[in-house]
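**Student:** One structure coming up, written as C-alpha cells, with questions to follow.
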Amino acid sequence: MAQLNIQHVDKIYDNNVQAVFDFNLDVKDGELIVLVGPSGCGKSTTLRMIAGLEDISAGHLLLDGKDITQAPAKDRDMAMVFQNYALYGHMTIYENMAFSLTLRKENPNVIHKKVLAAAEILGLTSQLNKKPSQLSGGQRQRVAMGRSIVRNPKVFLFDEPLSNLDAKLRGATRREILLLHKRLQATMLYVTHDQTEALTLADRIVCMSMGHVQQVGTPIELYDAPANKFVASFIGLPPMNFFDVTVREGMLEGKGFTVPLTEEEKGVLLPYAGREIDLGVRPEDVAADGDIAMSVFSNENLGMNTLVHGHIGHSGAASNKISAKLRGWCDYKDGDSVGVSFSRKHFFDKESGNAIRKGEKA
Amino acid sequence: MNEEKTIRLDRMRYMKNTLSSGFALLAILFDVCFFISIYESDVGSWYYTILVGGSILYNLIFMLAAFLSSEGVKNYKIGYSYLMIVLGIIQIARIFVYPVRAHGAVVTIQEQAVTVMETAQFTRVVIYLVLSAACLFIGAIAGIIRSRALAGHLASLDSQAA
C-alpha cells in the first residue's frame, strides 16, 4: 500500500473563492484517515484534489515520495467510492466490478479471479448476476467498494459513502468498512460530516472548518482534548455545553452560578485570573449529584440514559442553557430543580477560541 | 482440466454469451439487407407479388424469432440454439422460394418484357440469405458448445458442493 503526503495544499476557485487553506497531512501506510466537518468546510474538495478530480491551486501531493500534484486522475492509482455509488444500471454486479479492469484490457481470467475474491470479501458472491436495481442501498455501496478493491489501488478514497443509507444500514455498512480496512490493511481517506462515523472508523481524524484544518489527532484526542471550541462543539453527541464564566479565586463565576475548581484546574487557569473564558462541559460529564442548580425544561428518555435539557443560573442568559446525559431512566418534570456537578471541564480562550491547557500562557 | 480452462468455464456463470447473440443479431441485419434488396424486383404479376408479400410477412416472423433466440442464447438456453439452426435452414430454403424462381423470369409490364430479377440482384440476395444462415449456424453451434460446457461445469460445482 502507500504513504501519502499532502503539503501546504490550497484550493482557490476561478472566482477567487478559497475553499481550502494550507492543508497539511502525512498519511501513513495502511492508515484510515477521516476528514470530518460541517457542509462546505472543504473536506470533499480536499478529497477530490487528492483523487485528481480538482486542480490543486498551490502545494504538493506526494504518493510514496513521488510528486503527483499535476498527475491526471487515471495515473494516480487511487480508487474513489462515491455517495451515489456510481454503478452502471444496465450491467450486472459482476460486470460493474470487472469494468475498470476490462477497460485496462486485463486478462479476463485474471479479472474473474479478482472479482470473485472481492465479492467473497464483501459477501456479494450470490449477487453477481443481479443488476444494481435489484440490490439494497448497502449492497450497492458494497459493490462500489468491490469495484475499488479489484483495482488494488494504493489509496482508497471514500466520499460520504454512507450518506444515502438509513440509520440501521449505515451502522452495518460502517462496520463492514472497518472490517474491510482491517482485512486489506489499505491506506484510506474517508470524508464524512457524521462525527459518529469519524469516531468509530478513524485511526486519525482531521477536523475541518471553513477550509482550515482545526485539529488532527486520534478520535480519543479529539474527544478528550479538543484543540478549540469548534472541535469541542463538533465532536461529541449531544454537543458540548458552553458557559460564559469569569475565573475567580478557586472557582468559576457564571451568570447566576459558580463552579468550583480542582487544584489542577486552578493551576491551568492561573494566567486567566479575573478574565472571562468559555467553560465547556460535555453532557455525559454532568452528574445529578452536585450543588449547581439546574432547572429542567425537557426530558428525553433514551432507555439506558436520559437526556435532560434545562438551564443553570439566571434563566434569561442564553449561555446558561445546559444538556445533561444522566444515567438511567429519569422522569423529571418541567420546572424541576436538579443539583448537578461537572466531572470534567474544558476551558477555552474567549478571544481565540483555543483550548486552555496546562503550561500555556494567556 | 487445467486451471485456465476451469476459470474460463467459471466466467460463463457471470458473463453472457454475447458471441452467439451477436451472430443472431447479425443474421437479422443480413435478413434486413435481403428484404430491402428484393423490393428492387419488377414483379409484374400476381404470382411474384404473392411470393414477395409472403417473403415480407415471413421476415417479420423471422426477425421476432431471431431476436428472441439472440436473447435466449445470451443466457445459455440451449433450446434457442436449436431454434437458430431451424431458422438458418429456412433461410437457405428461402433461396429456392423466391430468388431462384424470379431469377431470369420475364414478365410483361405495360406491354414491355421485363426481367423480374437480374443476375446481379439475384447474386446479392442469395449472398445475404447465405450470410444470414451462416451467422445463425455459427451462433447456434457456439451456443450449444457453451451451454453444454456451462451445464457440465455447474454440475461439477454441484457435485463438489455436495
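To be explicit about the labels: the chains of the C-alpha cells are called A, B, and onward in the order shown, and within each one the residues are counted from 1, while ligands get numbers from 1 in the order they are shown.
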May I ask you to extract the residues of chain A within 7 Å of chain B, using only C-alpha atoms, and to give them as an NGL selection string?
**Tutor:** :A and (94 or 109 or 112 or 128-129)
**Student:** Give me a file of those residues, with C-alpha atoms, as a PDB file, in the first residue's frame.
**Tutor:**
ATOM      1  CA  TYR A  94     -20.047  -8.839 -11.899  1.00  0.00           C
ATOM      2  CA  ASN A 109      -9.260 -14.870 -16.292  1.00  0.00           C
ATOM      3  CA  HIS A 112     -12.525 -13.131 -12.958  1.00  0.00           C
ATOM      4  CA  LEU A 128     -23.044 -11.214  -9.003  1.00  0.00           C
ATOM      5  CA  ASN A 129     -25.642 -11.961 -11.669  1.00  0.00           C
TER       6      ASN A 129
END
**Student:** Quick one: residues within 6 Å of segment 203-213 of chain A, only C-alpha atoms counted, chain neighbours fewer than 5 positions away excluded, as an mmCIF file with N, CA, C and O atoms, in the first residue's frame?
**Tutor:**
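Written out: out00.cif:
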data_model
loop_
_atom_site.group_PDB
_atom_site.id
_atom_site.type_symbol
_atom_site.label_atom_id
_atom_site.label_comp_id
_atom_site.auth_asym_id
_atom_site.auth_seq_id
_atom_site.Cartn_x
_atom_site.Cartn_y
_atom_site.Cartn_z
ATOM 1 N N ALA A 19 -11.372 27.612 -1.012
ATOM 2 C CA ALA A 19 -12.116 26.548 -0.328
ATOM 3 C C ALA A 19 -11.254 25.807 0.677
ATOM 4 O O ALA A 19 -11.751 25.310 1.690
ATOM 5 N N VAL A 20 -9.950 25.729 0.399
ATOM 6 C CA VAL A 20 -9.041 25.007 1.309
ATOM 7 C C VAL A 20 -7.808 25.876 1.533
ATOM 8 O O VAL A 20 -7.239 26.428 0.593
ATOM 9 N N PHE A 21 -7.413 25.982 2.814
ATOM 10 C CA PHE A 21 -6.280 26.833 3.184
ATOM 11 C C PHE A 21 -5.165 25.977 3.790
ATOM 12 O O PHE A 21 -5.392 25.314 4.803
ATOM 13 N N LEU A 32 -6.208 4.727 8.264
ATOM 14 C CA LEU A 32 -7.545 5.191 7.857
ATOM 15 C C LEU A 32 -7.758 6.586 8.444
ATOM 16 O O LEU A 32 -7.887 6.746 9.652
ATOM 17 N N ILE A 33 -7.736 7.547 7.555
ATOM 18 C CA ILE A 33 -7.897 8.948 7.972
ATOM 19 C C ILE A 33 -9.323 9.376 7.649
ATOM 20 O O ILE A 33 -9.808 9.143 6.543
ATOM 21 N N VAL A 34 -9.987 10.001 8.596
ATOM 22 C CA VAL A 34 -11.331 10.522 8.339
ATOM 23 C C VAL A 34 -11.293 12.044 8.348
ATOM 24 O O VAL A 34 -10.805 12.646 9.305
ATOM 25 N N LEU A 35 -11.771 12.639 7.258
ATOM 26 C CA LEU A 35 -11.911 14.097 7.185
ATOM 27 C C LEU A 35 -13.336 14.427 7.596
ATOM 28 O O LEU A 35 -14.284 13.976 6.939
ATOM 29 N N VAL A 36 -13.469 15.171 8.659
ATOM 30 C CA VAL A 36 -14.800 15.458 9.178
ATOM 31 C C VAL A 36 -14.990 16.968 9.336
ATOM 32 O O VAL A 36 -14.026 17.699 9.584
ATOM 33 N N GLY A 37 -16.215 17.373 9.171
ATOM 34 C CA GLY A 37 -16.518 18.803 9.325
ATOM 35 C C GLY A 37 -17.902 19.070 8.788
ATOM 36 O O GLY A 37 -18.492 18.212 8.127
ATOM 37 N N CYS A 41 -17.074 22.787 4.420
ATOM 38 C CA CYS A 41 -15.812 23.066 5.126
ATOM 39 C C CYS A 41 -14.597 22.745 4.277
ATOM 40 O O CYS A 41 -13.468 23.016 4.678
ATOM 41 N N GLY A 42 -14.794 22.129 3.111
ATOM 42 C CA GLY A 42 -13.674 21.859 2.208
ATOM 43 C C GLY A 42 -13.164 20.425 2.241
ATOM 44 O O GLY A 42 -12.182 20.106 1.582
ATOM 45 N N THR A 218 -6.053 11.407 17.036
ATOM 46 C CA THR A 218 -6.839 10.179 17.179
ATOM 47 C C THR A 218 -8.241 10.554 17.675
ATOM 48 O O THR A 218 -8.425 11.649 18.241
#
**Student:** Could you list, as an NGL selection string, every residue within 6 Å of Leu157 of chain A, counting only C-alpha atoms and ignoring same-chain residues fewer than 2 positions away?
**Tutor:** :A and (79-80 or 188-190)
**Student:** With N, CA, C and O atoms retained, could you export that selection as a PDB file, in the first residue's frame?
**Tutor:**
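In the end it all went to result06.pdb:
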ATOM      1  N   ALA A  79      -8.521   4.790  -5.866  1.00  0.00           N
ATOM      2  CA  ALA A  79      -9.899   4.428  -6.207  1.00  0.00           C
ATOM      3  C   ALA A  79     -10.839   5.208  -5.306  1.00  0.00           C
ATOM      4  O   ALA A  79     -10.584   5.349  -4.111  1.00  0.00           O
ATOM      5  N   MET A  80     -11.890   5.716  -5.897  1.00  0.00           N
ATOM      6  CA  MET A  80     -12.807   6.559  -5.125  1.00  0.00           C
ATOM      7  C   MET A  80     -14.197   5.916  -5.064  1.00  0.00           C
ATOM      8  O   MET A  80     -14.686   5.411  -6.073  1.00  0.00           O
ATOM      9  N   MET A 188      -6.493   4.540   3.540  1.00  0.00           N
ATOM     10  CA  MET A 188      -7.834   5.018   3.182  1.00  0.00           C
ATOM     11  C   MET A 188      -8.052   6.444   3.678  1.00  0.00           C
ATOM     12  O   MET A 188      -7.648   6.775   4.788  1.00  0.00           O
ATOM     13  N   LEU A 189      -8.694   7.240   2.854  1.00  0.00           N
ATOM     14  CA  LEU A 189      -9.155   8.569   3.276  1.00  0.00           C
ATOM     15  C   LEU A 189     -10.665   8.594   3.148  1.00  0.00           C
ATOM     16  O   LEU A 189     -11.199   8.213   2.097  1.00  0.00           O
ATOM     17  N   TYR A 190     -11.310   9.029   4.186  1.00  0.00           N
ATOM     18  CA  TYR A 190     -12.753   8.897   4.268  1.00  0.00           C
ATOM     19  C   TYR A 190     -13.348  10.248   4.663  1.00  0.00           C
ATOM     20  O   TYR A 190     -12.936  10.826   5.669  1.00  0.00           O
TER      21      TYR A 190
END
**Student:** Using the chain letters and numbers from this document, which residues of segment 229-290 of chain A does DSSP assign to alpha helix (DSSP H), as a ChimeraX atom specification?
**Tutor:** /A:229-234,263-268
**Student:** May I have the residues from that selection written out with C-alpha atoms, as a compact mmCIF listing (two decimals), in the first residue's frame?
**Tutor:**
# COMPACT_ATOMS: atom_id res chain seq x y z
CA LYS A 229 -14.14 25.47 20.73
CA PHE A 230 -15.14 24.39 17.20
CA VAL A 231 -13.71 20.88 17.59
CA ALA A 232 -15.21 20.64 21.07
CA SER A 233 -18.65 21.54 19.76
CA PHE A 234 -18.43 19.37 16.63
CA GLU A 263 -6.23 22.21 42.34
CA GLU A 264 -5.05 21.15 38.87
CA GLU A 265 -7.67 23.32 37.18
CA LYS A 266 -6.68 26.27 39.31
CA GLY A 267 -3.12 25.82 38.07
CA VAL A 268 -4.23 25.70 34.46
**Student:** Where in segment 37-104 of chain A does DSSP assign strand (DSSP E or B), given as a ChimeraX atom specification?
**Tutor:** /A:58-63,66-67,78-81
**Student:** What does the distance between atom CA of Tyr80 of chain B and atom CA of Met12 of chain B come to in Å, to one decimal place?
**Tutor:**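 So the two atoms, atom CA of Tyr80 of chain B and atom CA of Met12 of chain B, lie 17.2 Å apart.
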**Student:** Point out the residue among A:Pro260, A:Gly254, A:Gly171, A:Gly52 with the least atom-to-atom distance to Ala73 of chain A, counting only C-alpha atoms.
**Tutor:**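 Going through A:Pro260, A:Gly254, A:Gly171, A:Gly52 one by one, the smallest distance to Ala73 of chain A is for A:Gly52.
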**Student:** Need to verify the contact set: Gly256 of chain A, 12 Å, only C-alpha atoms, exclusion of same-chain residues closer than 2 positions in sequence. Can you return it as a list in words?
**Tutor:**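 Surrounding residues, per the criterion: Phe243, Asp244, Val245, Thr246, Leu252, Glu253, Gly254, Thr258, Val259, Ile292, Ala293, Met294, His311, Ile312, Gly313, His314, Ser315, Gly316, Ala317, Ser319 and Asn320 of chain A.
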**Student:** Quick one: of B:Ile50, B:Leu60, B:Val114, B:Ile78, who's nearest to Arg146 of chain B, counting only C-alpha atoms?
**Tutor:**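 Smallest distance to Arg146 of chain B is found for B:Ile78.
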